[in-house]
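Shown next, in structure tokens, is the structure this report addresses.
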Amino acid sequence: MSNVITAANWKFHWRLTESAGIMIYLAEYRGRRVLWEASLPYVTVDHQRDVLEVVSEGTETRGPWWVPLGARTLAGNVRVQPFRGGVELSADFTAGPYHYLQMWRFHDDGRLCPWLTIHGTGLHDQHTYHPHWRFDFDLDGAGHDALESFSDGHWQRVEEEGWFPHTGDADESGFVWRQIDFGTGAAVNLRPHTWDDAELFAVRYHDGEWAPFSPRSTTGAAPFPAAYVGREPLDDHDVALWYVAHVHFDQSFPYTAGPWIKLEGFGK
Amino acid sequence: MAPKPAPKAAASKKPAKAAPKKAPAKAAPKKAASKKSAAPPPPPDVVASDPSLFAPLTPGESADAVRTLMEDRRITGMAKVGRYRVVATEPLVVKPPHWMHGHRLARVVVYDYAADRCVDACVDLDAGVVAHLDISKAQPMLSREEEAIATSVATLDERVREKLALGDAPQVTMHYWGKDASDPAYARRSAAVVFGRPGGHPSLVAVVDLLDNQVTAVVPAGSW
């Protein structure tokens with residue numbers, strides 16, 4: 001199966017990574033570059049106590065854990081399927097009681113859906129999933145981009161790296177964050193899932209700050225991607241975005257997390 | 001219609017920013033050839049990137065990358081002691097105008113048990129050199145070998161065996177770390193092996209310290 005897909009006004013490449021699921025790279029829409037690469041670097045899971053014990057052994061609070069989504073957890077094959085108005089890539093990953101369906105859906109009207117359906121029972125009912133997506137959008141080139149966040153009723157420029165949780169504010173179309181290219185005015189709009197409890201980390205792109213093979217940075221330090229966040233300016237630079245969802249397990253599972261992404265200014 | 005950027009940071013900068021993006025990457029070199037005094041060609045842009053650089057490493061490229069790293073003087077101690085695990089080798093692509101743009105690169109991540117540290121290297125396969133080396137206390141994901149070792153250690157542990165029910169078997173091995181210093185797994189490389197009946201609910205979790213290859217906690221799944 002070719003790893004180059006040209007369909008529904010998109011042209012993109014994909015590959016199965018060792019730990020970050022299906023990676024998309026060098027994606028173009030209507031012949032214009034949109035994305036350098038995007039992936040799902042990790043899905044961490046943490047637990048809250050399900051059984052209360054008067055005498056408990058060990059620690060009171062457990063840390064998180066994770067298992068790579070990649071060749072070792074792939075169940076079946078990566079699938080490429082057309083659908084009405086687009087094309088999608090999907091793959092199942094299984095790790096014990098955790099089951100994931102990763103999807104990349106490309107719509108011919110410029111929408112992109114990087115989604116993750118979470119199945120499985122987990123260890124017990126009291127647990128929360130934290131899927132982390134990393135997007136390196138290069139709108140018509142790498143630099144000259146800016147990030148904006150919708151708050152207090154209007155779009156506001158984000159001047160430096162930071163953490164931007166979804167507070168409920170959104171524009172009339174539901175978009176909360178957008179990356180804009182100054183040169184062409186093209187934009188990528190991100191709309192979080194209502195129930196994702198989503199947050200966005202925006203960092204300046206640096207060679208060397210590649211998506212790490214673990215969320216775990218040095219002991220006692222903030223995990224990735226928070227460990228990458230400093231005070232560097234974003235305005236007019238190459239920006240990398242991390243979208244993180246927080247999904248508590250409940251009876252309505254399976255649940256599909258991930259943002260809607262809509263391109264704008266890429267022609268009719 | 002394209003959105004209008006929010007008028008906050010630098011509205012006055014906008015006209016200047018547009019100019020460099022319009023420069024056609026292909027046209028410039030032709031002009032330079034015919035006219036020696038012409039301005040230098042614009043730096044290459046990501047739009048002209050080579051997709052083949054993203055392709056998975058061949059087995060030979062992976063072997064080449066690990067060999068090159070092990071011969072690097074900066075990690076002689078690790079290679080000599082030989083208590084390390086190669087966690088991953090994957091292709092890596094840097095953007096122009098970085099000097100390594102266009103080179104076939106491999107990222108090699110190794111966990112050094114002797115020094116309890118992570119070695120994260122970028123190997124330039126075209127030049128046969130380690131182009132970038134980062135040594136830190138970060139905890140990379142578990143290698144497949146570490147997963148297998150953790151599973152074996154947990155399965156053979158007496159405390160685990162005592163608590164397993166008939167039919168329980170290892171379901172999955174997770175990369176685990178403690179939330180605070182009261183948990184030994186907070187500062188030590190650890191795995192959590194989940195046991196249960198195949199296809200059934202998990203019944204038990206065993207935490208394995210991978211530095212000492214011993215079980216440090218056995219917890220009923222419902223109490224995790």
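Order determines the names: the first chain of the structure tokens is A, the second B, and so forth; residues in each chain are numbered 1 upward, and ligands are numbered 1 upward as they are shown.
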
Discussion item. Report as a PyMOL selection string all protein, DNA and RNA residues lying within 10 Å of B:Ala165, evaluated on only C-alpha atoms, omitting residues in the same chain fewer than 3 positions from it.
Written reply: chain B and resi 161-162+168-169+195-197+203-204

Practice prompt. Just list the residues in stretch 186-237 of chain A DSSP gives strand (DSSP E or B) on the backbone, as an MDAnalysis selection string.
Written response: chainID A and resid 187:191 199:204 233 237

Could you write out the selected residues, including N, CA and C atoms, as a PDB file, in the first residue's frame?
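Everything below was put into selection_24.pdb:
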ATOM      1  N   ALA A 187      -5.250  30.132   7.364  1.00  0.00           N
ATOM      2  CA  ALA A 187      -5.354  29.820   8.793  1.00  0.00           C
ATOM      3  C   ALA A 187      -5.790  28.376   9.004  1.00  0.00           C
ATOM      4  N   VAL A 188      -5.435  27.886  10.176  1.00  0.00           N
ATOM      5  CA  VAL A 188      -5.919  26.592  10.637  1.00  0.00           C
ATOM      6  C   VAL A 188      -6.693  26.852  11.923  1.00  0.00           C
ATOM      7  N   ASN A 189      -7.958  26.478  11.936  1.00  0.00           N
ATOM      8  CA  ASN A 189      -8.807  26.698  13.114  1.00  0.00           C
ATOM      9  C   ASN A 189      -9.006  25.394  13.864  1.00  0.00           C
ATOM     10  N   LEU A 190      -8.938  25.464  15.177  1.00  0.00           N
ATOM     11  CA  LEU A 190      -9.124  24.255  15.995  1.00  0.00           C
ATOM     12  C   LEU A 190     -10.347  24.400  16.879  1.00  0.00           C
ATOM     13  N   ARG A 191     -11.205  23.393  16.782  1.00  0.00           N
ATOM     14  CA  ARG A 191     -12.407  23.351  17.621  1.00  0.00           C
ATOM     15  C   ARG A 191     -12.348  22.123  18.510  1.00  0.00           C
ATOM     16  N   GLU A 199      -6.965  21.210  26.268  1.00  0.00           N
ATOM     17  CA  GLU A 199      -6.012  22.293  26.469  1.00  0.00           C
ATOM     18  C   GLU A 199      -5.014  22.260  25.327  1.00  0.00           C
ATOM     19  N   LEU A 200      -4.433  23.406  25.086  1.00  0.00           N
ATOM     20  CA  LEU A 200      -3.468  23.532  24.001  1.00  0.00           C
ATOM     21  C   LEU A 200      -2.153  24.054  24.566  1.00  0.00           C
ATOM     22  N   PHE A 201      -1.067  23.414  24.185  1.00  0.00           N
ATOM     23  CA  PHE A 201       0.258  23.924  24.504  1.00  0.00           C
ATOM     24  C   PHE A 201       0.848  24.441  23.199  1.00  0.00           C
ATOM     25  N   ALA A 202       1.328  25.657  23.220  1.00  0.00           N
ATOM     26  CA  ALA A 202       1.928  26.234  22.017  1.00  0.00           C
ATOM     27  C   ALA A 202       3.397  26.517  22.305  1.00  0.00           C
ATOM     28  N   VAL A 203       4.265  25.959  21.503  1.00  0.00           N
ATOM     29  CA  VAL A 203       5.701  26.185  21.674  1.00  0.00           C
ATOM     30  C   VAL A 203       6.312  26.560  20.333  1.00  0.00           C
ATOM     31  N   ARG A 204       7.411  27.267  20.426  1.00  0.00           N
ATOM     32  CA  ARG A 204       8.119  27.618  19.202  1.00  0.00           C
ATOM     33  C   ARG A 204       8.862  26.383  18.713  1.00  0.00           C
ATOM     34  N   PRO A 233       8.973  34.086  22.234  1.00  0.00           N
ATOM     35  CA  PRO A 233       7.884  34.679  21.458  1.00  0.00           C
ATOM     36  C   PRO A 233       7.427  33.752  20.341  1.00  0.00           C
ATOM     37  N   HIS A 237       6.794  33.384  14.000  1.00  0.00           N
ATOM     38  CA  HIS A 237       7.745  32.278  14.032  1.00  0.00           C
ATOM     39  C   HIS A 237       7.068  30.973  13.615  1.00  0.00           C
TER      40      HIS A 237
END

Item to complete: Determine, counting only C-alpha atoms, which protein, DNA and RNA residues have an atom within 9 Å of an atom of A:Val80; residues of the same chain fewer than 4 positions away are not included. Present the result as an MDAnalysis selection string.
Response: chainID A and resid 5 87:90

Discussion item. From the options B:Arg73, B:His175, B:His101, B:Lys80, which residue's atoms come nearest to chain A, counting only C-alpha atoms?
Written reply: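 Answer, going by the shortest atom-to-atom distance: B:His175.
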
Practice prompt. Please provide as a list of chain:residue names all residues within 9 Å of A:Arg62, with the sequence filter that same-chain residues fewer than 4 positions apart are discarded (counting only C-alpha atoms).
Written response: A:Asp46, A:His47, A:Gln48, A:Arg49, B:Trp177, B:Gly178, B:Lys179, B:Asp180, B:Asp183, B:Trp224

I'd like the neighbourhood of A:Met103 as an mmCIF file with C-alpha atoms, in the first residue's frame, where a residue qualifies if any of its atoms comes within 12 Å (using only C-alpha atoms), though same-chain residues fewer than 5 positions away should be ignored.
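Output file selection_33.cif follows:
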data_model
loop_
_atom_site.group_PDB
_atom_site.id
_atom_site.type_symbol
_atom_site.label_atom_id
_atom_site.label_comp_id
_atom_site.auth_asym_id
_atom_site.auth_seq_id
_atom_site.Cartn_x
_atom_site.Cartn_y
_atom_site.Cartn_z
ATOM 1 C CA TRP A 14 1.786 8.657 6.346
ATOM 2 C CA GLY A 21 0.564 5.983 16.192
ATOM 3 C CA ILE A 22 0.036 6.887 12.557
ATOM 4 C CA MET A 23 2.048 9.952 11.652
ATOM 5 C CA ILE A 24 0.956 12.290 8.857
ATOM 6 C CA SER A 39 1.153 12.497 15.296
ATOM 7 C CA LEU A 40 -0.255 11.130 18.532
ATOM 8 C CA VAL A 78 -3.571 0.464 8.806
ATOM 9 C CA ARG A 79 -6.628 1.081 6.642
ATOM 10 C CA VAL A 80 -7.225 3.692 3.950
ATOM 11 C CA GLN A 81 -10.895 4.166 3.103
ATOM 12 C CA VAL A 87 -10.718 9.904 2.758
ATOM 13 C CA GLU A 88 -9.656 8.445 6.083
ATOM 14 C CA LEU A 89 -6.783 6.518 7.588
ATOM 15 C CA SER A 90 -7.428 4.372 10.614
ATOM 16 C CA ALA A 91 -5.779 1.727 12.766
ATOM 17 C CA ASP A 92 -6.627 -0.242 15.896
ATOM 18 C CA PHE A 93 -4.213 -0.527 18.800
ATOM 19 C CA LEU A 112 -9.220 17.502 9.127
ATOM 20 C CA CYS A 113 -10.147 15.229 12.003
ATOM 21 C CA PRO A 114 -7.358 13.703 14.080
ATOM 22 C CA TRP A 115 -9.453 11.524 16.322
ATOM 23 C CA LEU A 116 -9.008 8.733 18.807
ATOM 24 C CA THR A 117 -11.807 6.409 19.817
ATOM 25 C CA ILE A 118 -11.153 4.917 23.237
ATOM 26 C CA TRP A 133 -1.599 15.139 19.695
ATOM 27 C CA THR A 256 -14.026 9.704 20.448
ATOM 28 C CA ALA A 257 -11.627 12.464 21.431
ATOM 29 C CA GLY A 258 -9.783 14.993 19.318
ATOM 30 C CA PRO A 259 -10.377 18.331 17.666
#

Worksheet item: Could you work out how far atom CA of B:Thr89 lies from atom CA of B:Ser62, giving the answer in Å with one decimal?
Response: 6.1 Å

Discussion item. Using Å and a single decimal, report how far atom CA of A:Val247 sits from atom CA of A:Val43.
Written reply: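 Atom-to-atom, atom CA of A:Val43 to atom CA of A:Val247, that is 10.6 Å.
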
Discussion item. Nearest residue to chain B out of A:Asn77, A:Thr6, A:Gln156, A:Ser252, using only C-alpha atoms?
Written reply: A:Gln156

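Interatomic distance, atom CA of A:His154 against atom CA of A:Asp136: 24.6 Å.
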
Worksheet item: Hey, which of A:Asp108, A:Glu160, A:Asp207, A:Asp250 ends up closest to chain B? Count only C-alpha atoms.
Response: A:Asp207

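Checking B:Asp124, B:Glu61, B:Asp134, B:Asp112 one by one against chain A, counting only C-alpha atoms, you find the shortest gap at B:Asp134.
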
Item to complete: Within 8 Å of B:Ile149, counting only C-alpha atoms, which residues show up once you throw out same-chain ones fewer than 4 positions away? Write them as number ranges by chain, please.
Response: B: 145, 153, 213

Discussion item. Using only C-alpha atoms for the distances, tell me which of A:Ser217, A:Ser2, A:Gln126, A:Asn9 is nearest to chain B.
Written reply: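 For chain B, the nearest of the candidates is A:Ser217.
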
Practice prompt. As number ranges by chain, list the residues of stretch 135-191 of chain B assigned to alpha helix (DSSP H) by DSSP on the backbone atoms of this structure.
Written response: B: 144-156, 158-163

Could you write those residues out with C-alpha atoms, as a compact mmCIF listing (two decimals), in the first residue's frame?
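Written out: result-v9.txt:
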# COMPACT_ATOMS: atom_id res chain seq x y z
CA ARG B 144 10.32 -4.44 23.86
CA GLU B 145 13.10 -6.25 25.72
CA GLU B 146 12.35 -4.32 28.90
CA GLU B 147 8.68 -5.20 28.59
CA ALA B 148 9.61 -8.86 28.27
CA ILE B 149 11.99 -8.71 31.24
CA ALA B 150 9.39 -6.98 33.43
CA THR B 151 6.80 -9.59 32.50
CA SER B 152 9.21 -12.39 33.31
CA VAL B 153 10.28 -10.89 36.65
CA ALA B 154 6.68 -10.35 37.70
CA THR B 155 5.53 -13.78 36.62
CA LEU B 156 8.27 -15.51 38.60
CA GLU B 158 6.34 -15.50 44.67
CA ARG B 159 4.12 -12.70 46.00
CA VAL B 160 2.59 -12.32 42.57
CA ARG B 161 2.08 -16.05 42.07
CA GLU B 162 0.33 -16.33 45.42
CA LYS B 163 -2.26 -13.78 44.39

Discussion item. Residues near A:Leu26, anyone? I mean within 9 Å using only C-alpha atoms, not counting same-chain ones fewer than 2 positions away, as a list in words.
Written reply: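 So the residues in contact are Lys11, Phe12, His13, Trp14, Ile24, Glu28, Arg33, Val34, Leu35, Trp36 and Glu37 of chain A; Val46, Val47, Ser49, Asp50 and Pro51 of chain B.
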
Keeping only C-alpha atoms, write the selected residues as a PDB file, in the first residue's frame.
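The resulting file, again.pdb, is shown below:
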ATOM      1  CA  LYS A  11      -2.130  15.090  -0.744  1.00  0.00           C
ATOM      2  CA  PHE A  12      -0.409  13.633   2.294  1.00  0.00           C
ATOM      3  CA  HIS A  13       2.065  10.989   3.394  1.00  0.00           C
ATOM      4  CA  TRP A  14       1.786   8.657   6.346  1.00  0.00           C
ATOM      5  CA  ILE A  24       0.956  12.290   8.857  1.00  0.00           C
ATOM      6  CA  GLU A  28      -1.010  19.694   1.219  1.00  0.00           C
ATOM      7  CA  ARG A  33       1.495  23.062   2.224  1.00  0.00           C
ATOM      8  CA  VAL A  34      -0.472  22.741   5.445  1.00  0.00           C
ATOM      9  CA  LEU A  35       1.420  20.375   7.665  1.00  0.00           C
ATOM     10  CA  TRP A  36       5.025  19.354   8.223  1.00  0.00           C
ATOM     11  CA  GLU A  37       4.035  16.472  10.457  1.00  0.00           C
TER      12      GLU A  37
ATOM     13  CA  VAL B  46       9.883  23.455   3.902  1.00  0.00           C
ATOM     14  CA  VAL B  47       7.691  23.364   0.811  1.00  0.00           C
ATOM     15  CA  SER B  49      11.147  18.952   1.333  1.00  0.00           C
ATOM     16  CA  ASP B  50      11.913  15.412   0.267  1.00  0.00           C
ATOM     17  CA  PRO B  51       9.273  12.908   1.448  1.00  0.00           C
TER      18      PRO B  51
END
